[in-house]
Amino acid sequence: MGPPDPTDAATGPPSARPAPLLIACALGIEQFALRSGHGKDAPESVTVLRTGMGPKAAAAAVRGALGEGSPIPDAAVIASGFCAGLVPGMHPGDLIVADETRGPHGSSACTSVELLAKALSRAAPGRTVHTGTLLGSDHVVRGPERAELRTTGAIAVDMESAATLGSALRVGPRPVAAVRVVVDAPEHELVRIGTLRGGISAFRVLRAVLPALFEWHRSLLLPRR
């Protein structure tokens, strides 16, 4: 009898198993939404990492999760959670898919952006999905600063996504993405996330994106075109 077939159904070819998935967020409420949205379509290996607020905390947490001795060193990484929209006409509950994140230490190009945007439209019908540059900041953006940042060409801003993806890519090459829910927009400025009430629930929208994130992760097995 010859050696076992590497494509044997019991094991499957190694290339048919995607890398683990790491979803990074800053806040406890974001982590709870992203964990509670797991269903039967969740990947075999998915970690929802709470990094803490701010770019330094995000970069350090991601380095720790993926660095030396990590059980998931090759994980695909998604930065997720809430953000501030910069474009007039945006509403709380709109979704942001970054085609790049940009921060003080450079920019990170995102993987399979169009596929992810379409998957989000299916996962959260009725929500507007915006695609563009997601800017990194070291503080919460308010008032006139929002208009200033808009002149850079960015469509939204948050404190962790650029640091998360930049840190992940410095550890090693991997697929990366950023998906954010708008809680704060030019005509809908909030004092704090807790003031979001009534018809829009950022928690529910964030929870609803999980199937799209998992679809993006599964797509990494497909040949690139």
# chains A, B, ... in the order shown; residues from 1 in each chain; ligands from 1
>>> closest_atom_pairs(of="stretch 94-171 of chain A", to="stretch 18-23 of chain A", cutoff="12 Å", atoms="only C-alpha atoms", output="JSON lines")
{"residue": "A:Ser161", "atom": "CA", "partner": "A:Ile23", "partner_atom": "CA", "distance": 10.9}
{"residue": "A:Thr164", "atom": "CA", "partner": "A:Ile23", "partner_atom": "CA", "distance": 9.9}
{"residue": "A:Leu165", "atom": "CA", "partner": "A:Ile23", "partner_atom": "CA", "distance": 10.7}
{"residue": "A:Ala168", "atom": "CA", "partner": "A:Leu22", "partner_atom": "CA", "distance": 10.0}
>>> select_by_dssp(residues="stretch 5-179 of chain A", states="alpha helix (DSSP H)", output="VMD selection string")
chain A and resid 28 to 36 55 to 66 113 to 123 144 to 150 161 to 171
>>> residues_around(residues="A:His105", least_positions_apart="3", cutoff="10 Å", atoms="only C-alpha atoms", output="PyMOL selection string")
chain A and resi 102+108+136+162-163+166-167
>>> write_last_selection(atoms="N, CA, C and O atoms", output="PDB file, in the first residue's frame")
ATOM      1  N   ARG A 102      -5.092  54.334   7.661  1.00  0.00           N
ATOM      2  CA  ARG A 102      -3.967  55.265   7.583  1.00  0.00           C
ATOM      3  C   ARG A 102      -3.738  55.903   8.941  1.00  0.00           C
ATOM      4  O   ARG A 102      -4.676  56.401   9.571  1.00  0.00           O
ATOM      5  N   SER A 108      -2.086  50.781   5.656  1.00  0.00           N
ATOM      6  CA  SER A 108      -2.199  49.331   5.454  1.00  0.00           C
ATOM      7  C   SER A 108      -3.325  49.068   4.469  1.00  0.00           C
ATOM      8  O   SER A 108      -4.462  49.510   4.695  1.00  0.00           O
ATOM      9  N   GLY A 136      -6.637  56.813  11.444  1.00  0.00           N
ATOM     10  CA  GLY A 136      -6.338  56.554  12.848  1.00  0.00           C
ATOM     11  C   GLY A 136      -6.089  57.850  13.601  1.00  0.00           C
ATOM     12  O   GLY A 136      -5.445  58.766  13.087  1.00  0.00           O
ATOM     13  N   ALA A 162      -6.019  51.506  12.490  1.00  0.00           N
ATOM     14  CA  ALA A 162      -4.723  51.662  11.807  1.00  0.00           C
ATOM     15  C   ALA A 162      -3.615  50.994  12.612  1.00  0.00           C
ATOM     16  O   ALA A 162      -2.749  50.304  12.050  1.00  0.00           O
ATOM     17  N   ALA A 163      -3.640  51.169  13.932  1.00  0.00           N
ATOM     18  CA  ALA A 163      -2.623  50.553  14.784  1.00  0.00           C
ATOM     19  C   ALA A 163      -2.752  49.029  14.789  1.00  0.00           C
ATOM     20  O   ALA A 163      -1.754  48.303  14.763  1.00  0.00           O
ATOM     21  N   GLY A 166      -1.610  47.758  11.213  1.00  0.00           N
ATOM     22  CA  GLY A 166      -0.179  48.009  11.066  1.00  0.00           C
ATOM     23  C   GLY A 166       0.646  47.073  11.922  1.00  0.00           C
ATOM     24  O   GLY A 166       1.650  46.511  11.467  1.00  0.00           O
ATOM     25  N   SER A 167       0.237  46.879  13.161  1.00  0.00           N
ATOM     26  CA  SER A 167       0.953  45.986  14.065  1.00  0.00           C
ATOM     27  C   SER A 167       0.906  44.543  13.574  1.00  0.00           C
ATOM     28  O   SER A 167       1.914  43.824  13.589  1.00  0.00           O
TER      29      SER A 167
END
>>> residues_around(residues="stretch 139-155 of chain A", least_positions_apart="5", cutoff="12 Å", atoms="only C-alpha atoms", output="MDAnalysis selection string")
chainID A and resid 53:56 82:90 94:103 107 129:134 160 180 182 184:193
>>> residues_around(residues="stretch 47-52 of chain A", least_positions_apart="2", cutoff="7 Å", atoms="only C-alpha atoms", output="PDB file with C-alpha atoms, in the first residue's frame")
ATOM      1  CA  LEU A  21      -9.237  34.545  12.449  1.00  0.00           C
ATOM      2  CA  LEU A  22      -8.475  37.280  14.970  1.00  0.00           C
ATOM      3  CA  ILE A  23     -11.102  40.023  15.401  1.00  0.00           C
ATOM      4  CA  ALA A  24      -9.746  42.954  17.413  1.00  0.00           C
ATOM      5  CA  CYS A  25     -11.864  45.608  19.138  1.00  0.00           C
ATOM      6  CA  ALA A  26     -11.291  48.158  21.889  1.00  0.00           C
ATOM      7  CA  LEU A  27     -14.372  48.193  24.119  1.00  0.00           C
ATOM      8  CA  GLY A  28     -16.115  45.596  26.231  1.00  0.00           C
ATOM      9  CA  GLN A  31     -16.317  42.459  22.270  1.00  0.00           C
ATOM     10  CA  ARG A  35     -18.755  37.259  20.569  1.00  0.00           C
ATOM     11  CA  SER A  45     -10.578  29.014  15.182  1.00  0.00           C
ATOM     12  CA  GLY A  54      -6.134  53.922  21.829  1.00  0.00           C
ATOM     13  CA  ALA A  57      -2.964  49.660  23.517  1.00  0.00           C
ATOM     14  CA  ALA A  58      -4.199  48.185  20.210  1.00  0.00           C
ATOM     15  CA  ALA A  61      -2.340  43.753  22.297  1.00  0.00           C
TER      16      ALA A  61
END
>>> closest_atom_pairs(of="stretch 109-185 of chain A", to="stretch 67-80 of chain A", cutoff="7 Å", atoms="only C-alpha atoms", output="JSON lines")
{"residue": "A:Ser161", "atom": "CA", "partner": "A:Ala79", "partner_atom": "CA", "distance": 5.3}
{"residue": "A:Thr164", "atom": "CA", "partner": "A:Ala79", "partner_atom": "CA", "distance": 6.4}
{"residue": "A:Val171", "atom": "CA", "partner": "A:Gly67", "partner_atom": "CA", "distance": 6.5}
{"residue": "A:Arg174", "atom": "CA", "partner": "A:Ala76", "partner_atom": "CA", "distance": 5.7}
{"residue": "A:Pro175", "atom": "CA", "partner": "A:Ala76", "partner_atom": "CA", "distance": 5.0}
{"residue": "A:Val176", "atom": "CA", "partner": "A:Val77", "partner_atom": "CA", "distance": 4.8}
{"residue": "A:Ala177", "atom": "CA", "partner": "A:Ile78", "partner_atom": "CA", "distance": 4.7}
{"residue": "A:Ala178", "atom": "CA", "partner": "A:Ala79", "partner_atom": "CA", "distance": 4.6}
{"residue": "A:Val179", "atom": "CA", "partner": "A:Ser80", "partner_atom": "CA", "distance": 5.0}
{"residue": "A:Arg180", "atom": "CA", "partner": "A:Ser80", "partner_atom": "CA", "distance": 5.2}
>>> atom_distance(atom1="atom CA of A:Glu30", atom2="atom CA of A:Ala59")
17.4 Å
>>> atom_distance(atom1="atom CA of A:Gly64", atom2="atom CA of A:Pro173")
16.0 Å
>>> closest_residue(among="A:Val205, A:Val157, A:Leu221, A:Ala33", to="A:Thr128", atoms="only C-alpha atoms")
A:Val205
>>> closest_residue(among="A:Ile29, A:Ala60, A:Leu213, A:Val46", to="A:Leu115", atoms="only C-alpha atoms")
A:Leu213
>>> residues_around(residues="stretch 207-212 of chain A", least_positions_apart="5", cutoff="6 Å", atoms="only C-alpha atoms", output="ChimeraX atom specification")
/A:33-34,37,119-120,123
>>> write_last_selection(atoms="N, CA, C and O atoms", output="PDB file, in the first residue's frame")
ATOM      1  N   ALA A  33     -20.661  42.187  21.653  1.00  0.00           N
ATOM      2  CA  ALA A  33     -21.447  42.093  20.419  1.00  0.00           C
ATOM      3  C   ALA A  33     -20.818  41.095  19.452  1.00  0.00           C
ATOM      4  O   ALA A  33     -21.506  40.255  18.857  1.00  0.00           O
ATOM      5  N   LEU A  34     -19.509  41.169  19.299  1.00  0.00           N
ATOM      6  CA  LEU A  34     -18.824  40.319  18.319  1.00  0.00           C
ATOM      7  C   LEU A  34     -18.766  38.862  18.777  1.00  0.00           C
ATOM      8  O   LEU A  34     -18.788  37.948  17.951  1.00  0.00           O
ATOM      9  N   GLY A  37     -22.510  37.287  18.552  1.00  0.00           N
ATOM     10  CA  GLY A  37     -23.021  37.070  17.208  1.00  0.00           C
ATOM     11  C   GLY A  37     -22.541  35.795  16.554  1.00  0.00           C
ATOM     12  O   GLY A  37     -22.932  35.488  15.433  1.00  0.00           O
ATOM     13  N   ALA A 119     -20.824  41.366   1.212  1.00  0.00           N
ATOM     14  CA  ALA A 119     -21.262  40.467   2.275  1.00  0.00           C
ATOM     15  C   ALA A 119     -21.949  41.246   3.399  1.00  0.00           C
ATOM     16  O   ALA A 119     -22.939  40.802   3.978  1.00  0.00           O
ATOM     17  N   LEU A 120     -21.438  42.446   3.698  1.00  0.00           N
ATOM     18  CA  LEU A 120     -22.059  43.281   4.732  1.00  0.00           C
ATOM     19  C   LEU A 120     -23.443  43.763   4.315  1.00  0.00           C
ATOM     20  O   LEU A 120     -24.358  43.848   5.137  1.00  0.00           O
ATOM     21  N   ALA A 123     -25.637  40.931   5.063  1.00  0.00           N
ATOM     22  CA  ALA A 123     -25.760  40.634   6.495  1.00  0.00           C
ATOM     23  C   ALA A 123     -26.561  41.694   7.239  1.00  0.00           C
ATOM     24  O   ALA A 123     -27.215  41.395   8.236  1.00  0.00           O
TER      25      ALA A 123
END
>>> select_by_dssp(residues="stretch 26-199 of chain A", states="strand (DSSP E)", output="ChimeraX atom specification")
/A:46-50,76-85,95-103,106-109,129-136,154-158,176-184
>>> closest_residue(among="A:Ser112, A:Ala117, A:Pro104, A:Pro125", to="A:Ser137", atoms="only C-alpha atoms")
A:Pro104
